[in-house]
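Remarks on the structure that follows.
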Amino acid sequence: QVQLVESGGGLVQAGGSLTLSCVASGSISKPNVMGWYRQVPGKSREVVASMTTGGITNYDDSVKGRFTISRDNAKNMVFLQMNSLKHEDTAVYYCDLMILGAQYWGQGTQVTVSS
């Protein structure tokens, strides 16, 4: 059983910063991929950033240069540093973990950017 718990969401003004954290617990093997998705009402969930245990990162074009993903493999944690936030970054952010093709999700954390 794998569980993911996010934290760090909230309300921030445009141009501000937030850091999201996610910790995974349970039976977690390596290598794996941890990342962040986001979703707004009426739209599908979209990938924001991901990172392998080996340190390979991938970012959506909309966040390149503003967001930074990092992880602590020993603690099964992943972080998302979000800078220069825009109103359009407002969404529920979900942490995900992929192991051998199985995907696990956190419960989500709301990020609201006021313009």
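We name chains A, B, ... following the order of the structure tokens; residues begin at 1 in each chain, and ligands are numbered from 1 as shown.
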
If you run DSSP on this backbone, which residues of stretch 5-111 of chain A come out as strand (DSSP E or B), and could you give them as a VMD selection string?
chain A and resid 5 to 7 10 to 13 18 to 26 33 to 39 46 to 52 57 to 59 67 to 72 77 to 82 91 to 99 102 to 105 109 to 111

Set the distance at 10 Å and use only C-alpha atoms: which residues neighbour A:Val2 once local chain neighbours fewer than 2 positions away are removed? I'd like the list as a ChimeraX atom specification.
/A:4,24-28,97,103-106

Any chance you can output those residues with N, CA and C atoms as a PDB file, in the first residue's frame?
```pdb
ATOM      1  N   LEU A   4       0.512   8.918  -0.498  1.00  0.00           N
ATOM      2  CA  LEU A   4       1.189  10.175  -0.764  1.00  0.00           C
ATOM      3  C   LEU A   4       0.436  11.293  -0.062  1.00  0.00           C
ATOM      4  N   ALA A  24       5.961  10.170   0.434  1.00  0.00           N
ATOM      5  CA  ALA A  24       5.383   8.886   0.094  1.00  0.00           C
ATOM      6  C   ALA A  24       5.733   7.867   1.165  1.00  0.00           C
ATOM      7  N   SER A  25       4.784   7.007   1.472  1.00  0.00           N
ATOM      8  CA  SER A  25       5.027   5.963   2.461  1.00  0.00           C
ATOM      9  C   SER A  25       4.470   4.642   1.935  1.00  0.00           C
ATOM     10  N   GLY A  26       4.947   3.560   2.521  1.00  0.00           N
ATOM     11  CA  GLY A  26       4.499   2.243   2.098  1.00  0.00           C
ATOM     12  C   GLY A  26       5.607   1.494   1.391  1.00  0.00           C
ATOM     13  N   SER A  27       5.203   0.575   0.533  1.00  0.00           N
ATOM     14  CA  SER A  27       6.159  -0.252  -0.190  1.00  0.00           C
ATOM     15  C   SER A  27       6.630   0.489  -1.448  1.00  0.00           C
ATOM     16  N   ILE A  28       7.772   1.128  -1.333  1.00  0.00           N
ATOM     17  CA  ILE A  28       8.265   1.966  -2.426  1.00  0.00           C
ATOM     18  C   ILE A  28       9.606   1.451  -2.898  1.00  0.00           C
ATOM     19  N   LEU A  97       3.409   9.266  -7.922  1.00  0.00           N
ATOM     20  CA  LEU A  97       4.547   8.350  -7.854  1.00  0.00           C
ATOM     21  C   LEU A  97       4.276   7.208  -8.822  1.00  0.00           C
ATOM     22  N   GLN A 103       0.640   3.839 -10.941  1.00  0.00           N
ATOM     23  CA  GLN A 103       0.669   5.257 -10.586  1.00  0.00           C
ATOM     24  C   GLN A 103      -0.177   5.494  -9.343  1.00  0.00           C
ATOM     25  N   TYR A 104       0.395   6.226  -8.415  1.00  0.00           N
ATOM     26  CA  TYR A 104      -0.262   6.540  -7.159  1.00  0.00           C
ATOM     27  C   TYR A 104      -0.385   8.051  -7.031  1.00  0.00           C
ATOM     28  N   TRP A 105      -1.451   8.485  -6.353  1.00  0.00           N
ATOM     29  CA  TRP A 105      -1.752   9.909  -6.252  1.00  0.00           C
ATOM     30  C   TRP A 105      -1.927  10.339  -4.801  1.00  0.00           C
ATOM     31  N   GLY A 106      -1.565  11.588  -4.536  1.00  0.00           N
ATOM     32  CA  GLY A 106      -1.922  12.207  -3.287  1.00  0.00           C
ATOM     33  C   GLY A 106      -3.332  12.773  -3.358  1.00  0.00           C
TER      34      GLY A 106
END
```

Option closest in space to A:Gly35, from A:Gly101, A:His87, A:Asp96, A:Ser21 [counting only C-alpha atoms]:
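Looking only at the distances to A:Gly35, the closest residue turns out to be A:Asp96.
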
Write out as a ChimeraX atom specification each polymer residue whose atoms come within 10 Å of A:Pro31, counting only C-alpha atoms; drop sequence neighbours fewer than 6 positions from it.
/A:52-54,73,98-100

Of the residues A:Phe67, A:Trp36, A:Lys30, A:Thr112, which is the one nearest to A:Glu6, using only C-alpha atoms?
A:Trp36

Closest to A:Asp72 among A:Leu20, A:Arg45, A:Gly108, A:Gly55, using only C-alpha atoms?
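Answer, going by the shortest atom-to-atom distance: A:Gly55.
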
What's the 6 Å shell around stretch 46-48 of chain A, counting only C-alpha atoms, without same-chain residues fewer than 3 positions away, as a ChimeraX atom specification?
/A:36-38,59-60
